[in-house]
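Q: Dropping in my_file-v4.pdb, which is PDB, C-alpha atoms:
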ATOM      1  CA  GLY U  49     -89.343  25.902 -26.370  1.00  0.00           C
ATOM      2  CA  ALA U  50     -89.573  25.218 -22.678  1.00  0.00           C
ATOM      3  CA  VAL U  51     -90.024  28.176 -20.354  1.00  0.00           C
ATOM      4  CA  VAL U  52     -88.382  28.771 -17.004  1.00  0.00           C
ATOM      5  CA  SER U  53     -89.657  31.657 -14.936  1.00  0.00           C
ATOM      6  CA  GLN U  54     -87.784  33.265 -12.087  1.00  0.00           C
ATOM      7  CA  HIS U  55     -89.185  35.617  -9.486  1.00  0.00           C
ATOM      8  CA  PRO U  56     -88.504  38.274  -8.412  1.00  0.00           C
ATOM      9  CA  SER U  57     -86.408  39.893 -11.092  1.00  0.00           C
ATOM     10  CA  ARG U  58     -85.020  42.424  -8.662  1.00  0.00           C
ATOM     11  CA  VAL U  59     -84.946  42.563  -4.895  1.00  0.00           C
ATOM     12  CA  ILE U  60     -83.362  44.890  -2.402  1.00  0.00           C
ATOM     13  CA  CYS U  61     -83.091  43.752   1.178  1.00  0.00           C
ATOM     14  CA  LYS U  62     -81.500  44.881   4.388  1.00  0.00           C
ATOM     15  CA  SER U  63     -78.405  43.246   5.709  1.00  0.00           C
ATOM     16  CA  GLY U  64     -79.273  40.378   8.037  1.00  0.00           C
ATOM     17  CA  THR U  65     -82.581  39.508   6.445  1.00  0.00           C
ATOM     18  CA  SER U  66     -83.398  36.513   4.267  1.00  0.00           C
ATOM     19  CA  VAL U  67     -84.528  36.548   0.667  1.00  0.00           C
ATOM     20  CA  LYS U  68     -86.304  33.817  -1.283  1.00  0.00           C
ATOM     21  CA  ILE U  69     -85.968  33.434  -5.039  1.00  0.00           C
ATOM     22  CA  GLU U  70     -88.308  31.179  -6.974  1.00  0.00           C
ATOM     23  CA  CYS U  71     -87.584  29.216 -10.126  1.00  0.00           C
ATOM     24  CA  ARG U  72     -90.484  27.603 -11.956  1.00  0.00           C
ATOM     25  CA  SER U  73     -90.653  25.416 -15.005  1.00  0.00           C
ATOM     26  CA  LEU U  74     -93.875  26.561 -16.632  1.00  0.00           C
ATOM     27  CA  ASP U  75     -94.566  23.914 -19.219  1.00  0.00           C
ATOM     28  CA  PHE U  76     -92.533  20.919 -18.184  1.00  0.00           C
ATOM     29  CA  GLN U  77     -91.510  18.976 -15.138  1.00  0.00           C
ATOM     30  CA  ALA U  78     -87.950  19.147 -13.916  1.00  0.00           C
ATOM     31  CA  THR U  79     -86.541  16.713 -11.420  1.00  0.00           C
ATOM     32  CA  THR U  80     -83.341  18.721 -11.453  1.00  0.00           C
ATOM     33  CA  MET U  81     -82.778  22.447 -11.534  1.00  0.00           C
ATOM     34  CA  PHE U  82     -79.569  24.419 -11.246  1.00  0.00           C
ATOM     35  CA  TRP U  83     -78.662  27.655  -9.530  1.00  0.00           C
ATOM     36  CA  TYR U  84     -75.937  29.959 -10.784  1.00  0.00           C
ATOM     37  CA  ARG U  85     -74.430  33.149  -9.492  1.00  0.00           C
ATOM     38  CA  GLN U  86     -72.904  35.935 -11.508  1.00  0.00           C
ATOM     39  CA  PHE U  87     -70.835  38.738 -10.040  1.00  0.00           C
ATOM     40  CA  PRO U  88     -70.665  42.005 -11.986  1.00  0.00           C
ATOM     41  CA  LYS U  89     -68.769  41.640 -15.214  1.00  0.00           C
ATOM     42  CA  GLN U  90     -67.915  38.037 -14.449  1.00  0.00           C
ATOM     43  CA  SER U  91     -69.071  34.668 -15.631  1.00  0.00           C
ATOM     44  CA  LEU U  92     -71.814  32.484 -14.262  1.00  0.00           C
ATOM     45  CA  MET U  93     -70.718  30.018 -11.644  1.00  0.00           C
ATOM     46  CA  LEU U  94     -72.689  26.917 -10.808  1.00  0.00           C
ATOM     47  CA  MET U  95     -73.709  27.073  -7.162  1.00  0.00           C
ATOM     48  CA  ALA U  96     -75.794  23.992  -6.659  1.00  0.00           C
ATOM     49  CA  THR U  97     -77.953  21.314  -8.170  1.00  0.00           C
ATOM     50  CA  SER U  98     -81.492  21.236  -6.880  1.00  0.00           C
ATOM     51  CA  ASN U  99     -82.998  17.760  -6.733  1.00  0.00           C
ATOM     52  CA  GLU U 100     -86.729  17.232  -6.403  1.00  0.00           C
ATOM     53  CA  GLY U 101     -87.551  15.414  -3.199  1.00  0.00           C
ATOM     54  CA  SER U 102     -83.999  15.249  -1.923  1.00  0.00           C
ATOM     55  CA  LYS U 103     -81.154  17.423  -0.740  1.00  0.00           C
ATOM     56  CA  ALA U 104     -79.426  19.799  -3.053  1.00  0.00           C
ATOM     57  CA  THR U 105     -75.872  19.187  -4.151  1.00  0.00           C
ATOM     58  CA  TYR U 106     -73.607  22.165  -3.607  1.00  0.00           C
ATOM     59  CA  GLU U 107     -70.470  23.048  -5.514  1.00  0.00           C
ATOM     60  CA  GLN U 108     -67.261  23.344  -3.618  1.00  0.00           C
ATOM     61  CA  GLY U 109     -66.996  26.604  -1.723  1.00  0.00           C
ATOM     62  CA  VAL U 110     -70.726  27.317  -1.634  1.00  0.00           C
ATOM     63  CA  GLU U 111     -72.135  27.585   1.883  1.00  0.00           C
ATOM     64  CA  LYS U 112     -75.171  25.351   2.064  1.00  0.00           C
ATOM     65  CA  ASP U 113     -76.362  26.964   5.284  1.00  0.00           C
ATOM     66  CA  LYS U 114     -76.375  30.385   3.659  1.00  0.00           C
ATOM     67  CA  PHE U 115     -77.932  29.335   0.383  1.00  0.00           C
ATOM     68  CA  LEU U 116     -80.856  27.099   1.231  1.00  0.00           C
ATOM     69  CA  ILE U 117     -82.379  25.249  -1.687  1.00  0.00           C
ATOM     70  CA  ASN U 118     -85.747  23.564  -1.645  1.00  0.00           C
ATOM     71  CA  HIS U 119     -87.159  21.606  -4.569  1.00  0.00           C
ATOM     72  CA  ALA U 120     -90.531  20.591  -3.223  1.00  0.00           C
ATOM     73  CA  SER U 121     -92.286  19.926  -6.503  1.00  0.00           C
ATOM     74  CA  LEU U 122     -91.448  19.002 -10.068  1.00  0.00           C
ATOM     75  CA  THR U 123     -91.951  22.573 -11.215  1.00  0.00           C
ATOM     76  CA  LEU U 124     -90.555  24.702  -8.410  1.00  0.00           C
ATOM     77  CA  SER U 125     -87.183  25.216  -6.816  1.00  0.00           C
ATOM     78  CA  THR U 126     -86.435  27.983  -4.348  1.00  0.00           C
ATOM     79  CA  LEU U 127     -83.166  29.543  -3.295  1.00  0.00           C
ATOM     80  CA  THR U 128     -83.162  31.336   0.042  1.00  0.00           C
ATOM     81  CA  VAL U 129     -80.262  33.596   0.854  1.00  0.00           C
ATOM     82  CA  THR U 130     -80.183  33.605   4.626  1.00  0.00           C
ATOM     83  CA  SER U 131     -78.817  36.423   6.761  1.00  0.00           C
ATOM     84  CA  ALA U 132     -77.864  38.299   3.639  1.00  0.00           C
ATOM     85  CA  HIS U 133     -74.863  40.587   3.601  1.00  0.00           C
ATOM     86  CA  PRO U 134     -73.701  43.099   1.010  1.00  0.00           C
ATOM     87  CA  GLU U 135     -71.215  40.589  -0.393  1.00  0.00           C
ATOM     88  CA  ASP U 136     -74.166  38.370  -1.323  1.00  0.00           C
ATOM     89  CA  SER U 137     -75.317  41.035  -3.753  1.00  0.00           C
ATOM     90  CA  SER U 138     -75.215  39.399  -7.139  1.00  0.00           C
ATOM     91  CA  PHE U 139     -77.206  38.160 -10.114  1.00  0.00           C
ATOM     92  CA  TYR U 140     -78.733  34.758  -9.447  1.00  0.00           C
ATOM     93  CA  ILE U 141     -80.068  32.653 -12.295  1.00  0.00           C
ATOM     94  CA  CYS U 142     -81.642  29.232 -12.453  1.00  0.00           C
ATOM     95  CA  SER U 143     -81.949  26.671 -15.213  1.00  0.00           C
ATOM     96  CA  ALA U 144     -83.849  23.494 -15.927  1.00  0.00           C
ATOM     97  CA  SER U 145     -84.276  21.007 -18.739  1.00  0.00           C
ATOM     98  CA  PRO U 146     -87.269  18.892 -19.727  1.00  0.00           C
ATOM     99  CA  TRP U 147     -84.976  16.134 -20.927  1.00  0.00           C
ATOM    100  CA  PRO U 148     -81.559  14.865 -19.914  1.00  0.00           C
ATOM    101  CA  ASN U 149     -78.459  15.654 -21.947  1.00  0.00           C
ATOM    102  CA  THR U 150     -80.057  18.521 -23.826  1.00  0.00           C
ATOM    103  CA  GLU U 151     -80.003  22.247 -23.653  1.00  0.00           C
ATOM    104  CA  ALA U 152     -80.986  24.008 -20.492  1.00  0.00           C
ATOM    105  CA  PHE U 153     -83.532  26.772 -20.288  1.00  0.00           C
ATOM    106  CA  PHE U 154     -82.636  29.690 -18.112  1.00  0.00           C
ATOM    107  CA  GLY U 155     -84.757  31.932 -15.991  1.00  0.00           C
ATOM    108  CA  GLN U 156     -84.587  35.668 -16.418  1.00  0.00           C
ATOM    109  CA  GLY U 157     -82.358  36.034 -13.387  1.00  0.00           C
ATOM    110  CA  THR U 158     -82.739  37.860 -10.085  1.00  0.00           C
ATOM    111  CA  ARG U 159     -80.692  40.907  -9.215  1.00  0.00           C
ATOM    112  CA  LEU U 160     -80.171  40.867  -5.440  1.00  0.00           C
ATOM    113  CA  THR U 161     -78.898  43.963  -3.717  1.00  0.00           C
ATOM    114  CA  VAL U 162     -78.203  43.824   0.005  1.00  0.00           C
ATOM    115  CA  VAL U 163     -77.953  47.201   1.693  1.00  0.00           C
TER     116      VAL U 163
ATOM    117  CA  ALA W 290     -63.149  18.119 -15.142  1.00  0.00           C
ATOM    118  CA  GLN W 291     -65.092  20.257 -17.537  1.00  0.00           C
ATOM    119  CA  SER W 292     -63.851  23.747 -18.268  1.00  0.00           C
ATOM    120  CA  VAL W 293     -64.291  26.419 -20.857  1.00  0.00           C
ATOM    121  CA  THR W 294     -61.793  29.088 -21.849  1.00  0.00           C
ATOM    122  CA  GLN W 295     -62.600  32.257 -23.693  1.00  0.00           C
ATOM    123  CA  PRO W 296     -59.227  33.871 -24.362  1.00  0.00           C
ATOM    124  CA  ASP W 297     -60.578  37.259 -25.367  1.00  0.00           C
ATOM    125  CA  ILE W 298     -62.010  39.299 -22.514  1.00  0.00           C
ATOM    126  CA  HIS W 299     -63.004  42.191 -24.719  1.00  0.00           C
ATOM    127  CA  ILE W 300     -63.274  42.663 -28.477  1.00  0.00           C
ATOM    128  CA  THR W 301     -64.052  45.793 -30.454  1.00  0.00           C
ATOM    129  CA  VAL W 302     -65.188  45.612 -34.060  1.00  0.00           C
ATOM    130  CA  SER W 303     -66.579  48.079 -36.540  1.00  0.00           C
ATOM    131  CA  GLU W 304     -70.152  47.737 -37.625  1.00  0.00           C
ATOM    132  CA  GLY W 305     -70.301  45.631 -40.771  1.00  0.00           C
ATOM    133  CA  ALA W 306     -67.030  43.877 -40.044  1.00  0.00           C
ATOM    134  CA  SER W 307     -66.749  40.165 -39.458  1.00  0.00           C
ATOM    135  CA  LEU W 308     -66.502  38.691 -35.994  1.00  0.00           C
ATOM    136  CA  GLU W 309     -64.959  35.620 -34.455  1.00  0.00           C
ATOM    137  CA  LEU W 310     -65.119  34.834 -30.754  1.00  0.00           C
ATOM    138  CA  ARG W 311     -62.900  32.063 -29.529  1.00  0.00           C
ATOM    139  CA  CYS W 312     -63.846  29.237 -27.217  1.00  0.00           C
ATOM    140  CA  ASN W 313     -61.829  26.243 -26.088  1.00  0.00           C
ATOM    141  CA  TYR W 314     -63.191  23.506 -23.899  1.00  0.00           C
ATOM    142  CA  SER W 315     -61.974  20.626 -21.840  1.00  0.00           C
ATOM    143  CA  TYR W 316     -64.299  17.688 -21.494  1.00  0.00           C
ATOM    144  CA  GLY W 317     -63.780  13.979 -21.129  1.00  0.00           C
ATOM    145  CA  ALA W 318     -66.517  12.819 -23.467  1.00  0.00           C
ATOM    146  CA  THR W 319     -68.371  14.153 -26.461  1.00  0.00           C
ATOM    147  CA  PRO W 320     -69.274  17.659 -25.404  1.00  0.00           C
ATOM    148  CA  TYR W 321     -72.525  19.494 -25.656  1.00  0.00           C
ATOM    149  CA  LEU W 322     -71.504  23.039 -26.526  1.00  0.00           C
ATOM    150  CA  PHE W 323     -73.411  26.282 -26.441  1.00  0.00           C
ATOM    151  CA  TRP W 324     -73.095  29.971 -27.086  1.00  0.00           C
ATOM    152  CA  TYR W 325     -75.227  32.401 -25.117  1.00  0.00           C
ATOM    153  CA  VAL W 326     -75.545  36.154 -25.315  1.00  0.00           C
ATOM    154  CA  GLN W 327     -76.330  38.423 -22.398  1.00  0.00           C
ATOM    155  CA  SER W 328     -77.287  42.072 -22.648  1.00  0.00           C
ATOM    156  CA  PRO W 329     -76.597  44.282 -19.624  1.00  0.00           C
ATOM    157  CA  GLY W 330     -78.798  43.358 -16.683  1.00  0.00           C
ATOM    158  CA  GLN W 331     -80.555  40.667 -18.663  1.00  0.00           C
ATOM    159  CA  GLY W 332     -80.719  36.901 -18.653  1.00  0.00           C
ATOM    160  CA  LEU W 333     -79.178  34.537 -21.162  1.00  0.00           C
ATOM    161  CA  GLN W 334     -80.305  34.028 -24.705  1.00  0.00           C
ATOM    162  CA  LEU W 335     -79.252  30.905 -26.560  1.00  0.00           C
ATOM    163  CA  LEU W 336     -77.526  31.671 -29.853  1.00  0.00           C
ATOM    164  CA  LEU W 337     -76.759  28.135 -30.939  1.00  0.00           C
ATOM    165  CA  LYS W 338     -75.838  24.695 -29.715  1.00  0.00           C
ATOM    166  CA  TYR W 339     -73.899  21.663 -30.818  1.00  0.00           C
ATOM    167  CA  PHE W 340     -74.779  18.151 -29.777  1.00  0.00           C
ATOM    168  CA  SER W 341     -73.643  15.995 -32.665  1.00  0.00           C
ATOM    169  CA  GLY W 342     -73.634  15.759 -36.441  1.00  0.00           C
ATOM    170  CA  ASP W 343     -72.655  18.610 -38.716  1.00  0.00           C
ATOM    171  CA  THR W 344     -69.806  20.467 -37.087  1.00  0.00           C
ATOM    172  CA  LEU W 345     -70.905  23.808 -38.501  1.00  0.00           C
ATOM    173  CA  VAL W 346     -74.025  24.941 -36.711  1.00  0.00           C
ATOM    174  CA  GLN W 347     -76.230  27.853 -37.536  1.00  0.00           C
ATOM    175  CA  GLY W 348     -77.869  29.945 -34.899  1.00  0.00           C
ATOM    176  CA  ILE W 349     -80.069  32.945 -34.514  1.00  0.00           C
ATOM    177  CA  LYS W 350     -79.221  36.503 -35.546  1.00  0.00           C
ATOM    178  CA  GLY W 351     -76.871  35.319 -38.283  1.00  0.00           C
ATOM    179  CA  PHE W 352     -74.397  33.618 -35.966  1.00  0.00           C
ATOM    180  CA  GLU W 353     -72.681  30.330 -36.668  1.00  0.00           C
ATOM    181  CA  ALA W 354     -70.123  28.225 -34.844  1.00  0.00           C
ATOM    182  CA  GLU W 355     -67.803  25.449 -35.841  1.00  0.00           C
ATOM    183  CA  PHE W 356     -66.935  22.516 -33.647  1.00  0.00           C
ATOM    184  CA  LYS W 357     -63.372  21.310 -34.112  1.00  0.00           C
ATOM    185  CA  ARG W 358     -62.668  18.278 -32.009  1.00  0.00           C
ATOM    186  CA  SER W 359     -58.962  18.221 -32.868  1.00  0.00           C
ATOM    187  CA  GLN W 360     -58.566  21.733 -31.504  1.00  0.00           C
ATOM    188  CA  SER W 361     -61.138  21.418 -28.712  1.00  0.00           C
ATOM    189  CA  SER W 362     -62.659  24.588 -30.029  1.00  0.00           C
ATOM    190  CA  PHE W 363     -66.114  25.955 -30.705  1.00  0.00           C
ATOM    191  CA  ASN W 364     -65.588  29.425 -32.150  1.00  0.00           C
ATOM    192  CA  LEU W 365     -68.491  31.743 -32.835  1.00  0.00           C
ATOM    193  CA  ARG W 366     -68.606  33.748 -36.045  1.00  0.00           C
ATOM    194  CA  LYS W 367     -70.713  36.346 -37.748  1.00  0.00           C
ATOM    195  CA  PRO W 368     -69.942  37.725 -41.210  1.00  0.00           C
ATOM    196  CA  SER W 369     -71.252  41.228 -40.602  1.00  0.00           C
ATOM    197  CA  VAL W 370     -71.737  42.681 -37.145  1.00  0.00           C
ATOM    198  CA  HIS W 371     -74.604  44.999 -36.285  1.00  0.00           C
ATOM    199  CA  TRP W 372     -74.550  47.613 -33.544  1.00  0.00           C
ATOM    200  CA  SER W 373     -77.222  45.623 -31.710  1.00  0.00           C
ATOM    201  CA  ASP W 374     -74.786  42.713 -31.343  1.00  0.00           C
ATOM    202  CA  ALA W 375     -72.898  44.578 -28.629  1.00  0.00           C
ATOM    203  CA  ALA W 376     -73.262  42.394 -25.548  1.00  0.00           C
ATOM    204  CA  GLU W 377     -71.512  39.785 -23.438  1.00  0.00           C
ATOM    205  CA  TYR W 378     -71.024  36.389 -25.038  1.00  0.00           C
ATOM    206  CA  PHE W 379     -70.606  33.184 -23.114  1.00  0.00           C
ATOM    207  CA  CYS W 380     -69.457  29.814 -24.344  1.00  0.00           C
ATOM    208  CA  ALA W 381     -70.581  26.860 -22.260  1.00  0.00           C
ATOM    209  CA  VAL W 382     -70.299  23.113 -22.049  1.00  0.00           C
ATOM    210  CA  SER W 383     -72.871  20.972 -20.341  1.00  0.00           C
ATOM    211  CA  GLY W 384     -72.211  18.008 -18.149  1.00  0.00           C
ATOM    212  CA  PRO W 385     -74.060  14.703 -18.101  1.00  0.00           C
ATOM    213  CA  GLY W 386     -76.633  16.018 -15.661  1.00  0.00           C
ATOM    214  CA  ASN W 387     -77.391  19.182 -17.644  1.00  0.00           C
ATOM    215  CA  GLN W 388     -75.297  21.392 -15.402  1.00  0.00           C
ATOM    216  CA  PHE W 389     -73.500  24.099 -17.329  1.00  0.00           C
ATOM    217  CA  TYR W 390     -69.937  25.309 -17.122  1.00  0.00           C
ATOM    218  CA  PHE W 391     -69.395  28.733 -18.577  1.00  0.00           C
ATOM    219  CA  GLY W 392     -66.391  30.513 -19.925  1.00  0.00           C
ATOM    220  CA  THR W 393     -65.455  33.876 -18.496  1.00  0.00           C
ATOM    221  CA  GLY W 394     -67.220  35.667 -21.305  1.00  0.00           C
ATOM    222  CA  THR W 395     -66.205  38.027 -24.083  1.00  0.00           C
ATOM    223  CA  SER W 396     -67.507  41.552 -24.095  1.00  0.00           C
ATOM    224  CA  LEU W 397     -68.219  42.827 -27.594  1.00  0.00           C
ATOM    225  CA  THR W 398     -68.187  46.506 -28.456  1.00  0.00           C
ATOM    226  CA  VAL W 399     -69.369  47.608 -31.873  1.00  0.00           C
ATOM    227  CA  ILE W 400     -68.215  50.970 -33.154  1.00  0.00           C
ATOM    228  CA  PRO W 401     -70.014  52.831 -35.924  1.00  0.00           C
TER     229      PRO W 401
END
Could the structure of this file be written out as structure tokens, please?
A:
Amino acid sequence: GAVVSQHPSRVICKSGTSVKIECRSLDFQATTMFWYRQFPKQSLMLMATSNEGSKATYEQGVEKDKFLINHASLTLSTLTVTSAHPEDSSFYICSASPWPNTEAFFGQGTRLTVV
Amino acid sequence: AQSVTQPDIHITVSEGASLELRCNYSYGATPYLFWYVQSPGQGLQLLLKYFSGDTLVQGIKGFEAEFKRSQSSFNLRKPSVHWSDAAEYFCAVSGPGNQFYFGTGTSLTVIP
């Protein structure tokens, strides 16, 4: 099956700093990738759709200036949490699909802790 | 709008007993339905998926699920639970652009 790799798997940062999370499709090209957020013991919530070569589409309630998404190539999308605060601590996970209307392949997730 | 409901937040079963996790969905067209499992601190592992065809789908680890359009349900079943099945289970429906909408999850505890 297709492989999506996410890096880093864990990151701890100080409050006020920015953190970048990478999502790569290793063996296929993805014009669209998705970013999800999961709070402890809760479900995954779609944050935004990352579109290669154009602006990301954010779900209602997600601050686009705090969660910057860049999809500069067909195999890489990045999520930057800017000016992170403790409430941004969460599990972030990305997904991508090699074909439309099929299953998505998920990255391993990134555990962000802001101290 | 798409939505997924998992009525059971937490289920406890004895090892060797049968299991059924409930999932109801709301979707305007023919849904693509999925069950994922997540162990603590880990990513998602696909158990099975339904796109079309046979409404009873088989997945990995002995799991199966049945799509019932009339009930808007996609319940997950396993005839005999193993201790290693303890985890969080998520039902999901995908939209036309491959974005996923997840249920709130069901936490499974297996007792010896």
Q: Take atom CA of Thr301 of chain W and atom CA of Asn364 of chain W and report the distance between them in Å, one decimal.
A: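 Going from atom CA of Thr301 of chain W over to atom CA of Asn364 of chain W, I get 16.5 Å.
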Q: Expressed in Å to a single decimal, how great is the separation between atom CA of Tyr390 of chain W and atom CA of Ser66 of chain U?
A: 27.6 Å
Q: Can you pull out every residue within 6 Å of segment 321-323 of chain W, counting all atoms listed in the file, but drop anything in the same chain fewer than 3 positions away, and send it as a PyMOL selection string?
A: chain W and resi 337-340+380-383
Q: For atom CA of Tyr84 of chain U and atom CA of Ala375 of chain W, determine how far apart the two atoms are, in Å to one decimal place.
A: 23.3 Å
Q: Quick check: residues of chain W within 7 Å of chain U, all atoms listed in the file, returned as a PyMOL selection string.
A: chain W and resi 331-333+385-388+391-394
Q: For the selection just defined, write its residues with C-alpha atoms to a file, as a PDB file, in the coordinates of the input.
A:
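part-v5.pdb written:
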ATOM      1  CA  GLN W 331     -80.555  40.667 -18.663  1.00  0.00           C
ATOM      2  CA  GLY W 332     -80.719  36.901 -18.653  1.00  0.00           C
ATOM      3  CA  LEU W 333     -79.178  34.537 -21.162  1.00  0.00           C
ATOM      4  CA  PRO W 385     -74.060  14.703 -18.101  1.00  0.00           C
ATOM      5  CA  GLY W 386     -76.633  16.018 -15.661  1.00  0.00           C
ATOM      6  CA  ASN W 387     -77.391  19.182 -17.644  1.00  0.00           C
ATOM      7  CA  GLN W 388     -75.297  21.392 -15.402  1.00  0.00           C
ATOM      8  CA  PHE W 391     -69.395  28.733 -18.577  1.00  0.00           C
ATOM      9  CA  GLY W 392     -66.391  30.513 -19.925  1.00  0.00           C
ATOM     10  CA  THR W 393     -65.455  33.876 -18.496  1.00  0.00           C
ATOM     11  CA  GLY W 394     -67.220  35.667 -21.305  1.00  0.00           C
TER      12      GLY W 394
END
Q: Determine the residue set returned by the PyMOL selection byres ((chain U and resi 161) around 12) for the present structure, and present it as a list in words.
A: Ser57, Arg58, Val59, Ile60, Cys61, Lys62, Ser63, Thr65, Ser66, Val67, Phe87, Pro88, Val129, Ala132, His133, Pro134, Glu135, Asp136, Ser137, Ser138, Phe139, Tyr140, Thr158, Arg159, Leu160, Val162 and Val163 of chain U
Q: What residues come out when you apply the PyMOL selection byres ((chain W and resi 336) around 9) to this file, written as a PyMOL selection string?
A: chain W and resi 323-326+334-335+337-338+347-350+352-353
Q: On this file, the PyMOL selection byres ((chain W and resi 363) around 8) gives some set of residues; write that set as a list in words.
A: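 Selected by the PyMOL selection byres ((chain W and resi 363) around 8) here: Arg311, Cys312, Asn313, Tyr314, Leu322, Ala354, Glu355, Phe356, Lys357, Ser361, Ser362, Asn364 and Leu365 of chain W.
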Q: Padding of 4 Å on every side, edges along x, y and z, all listed atoms of segment 96-112 of chain U included: what centre and edge lengths in Å, to one decimal, does that box have, as AutoDock Vina command-line options?
A:
--center_x -77.3 --center_y 21.4 --center_z -3.1 --size_x 28.6 --size_y 20.3 --size_z 18.2
Q: Using only C-alpha atoms, determine which residues lie at most 9 Å from Tyr316 of chain W, disregarding the query and same-chain residues fewer than 5 positions distant; provide the list as a list in words.
A: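 In the requested form, the answer reads Ala290, Gln291, Ser292, Val293, Ser361, Val382 and Gly384 of chain W.
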Q: Write the residues of the selection above to a file with C-alpha atoms, as a PDB file, in the frame of the given file.
A:
ATOM      1  CA  ALA W 290     -63.149  18.119 -15.142  1.00  0.00           C
ATOM      2  CA  GLN W 291     -65.092  20.257 -17.537  1.00  0.00           C
ATOM      3  CA  SER W 292     -63.851  23.747 -18.268  1.00  0.00           C
ATOM      4  CA  VAL W 293     -64.291  26.419 -20.857  1.00  0.00           C
ATOM      5  CA  SER W 361     -61.138  21.418 -28.712  1.00  0.00           C
ATOM      6  CA  VAL W 382     -70.299  23.113 -22.049  1.00  0.00           C
ATOM      7  CA  GLY W 384     -72.211  18.008 -18.149  1.00  0.00           C
TER       8      GLY W 384
END
Q: Got a sec: who's within 12 Å of Gly109 of chain U, counting only C-alpha atoms, leaving out chain neighbours fewer than 3 positions off, as a list in words?
A: Met93, Leu94, Met95, Ala96, Thr105, Tyr106, Lys112, Asp113, Lys114 and Phe115 of chain U
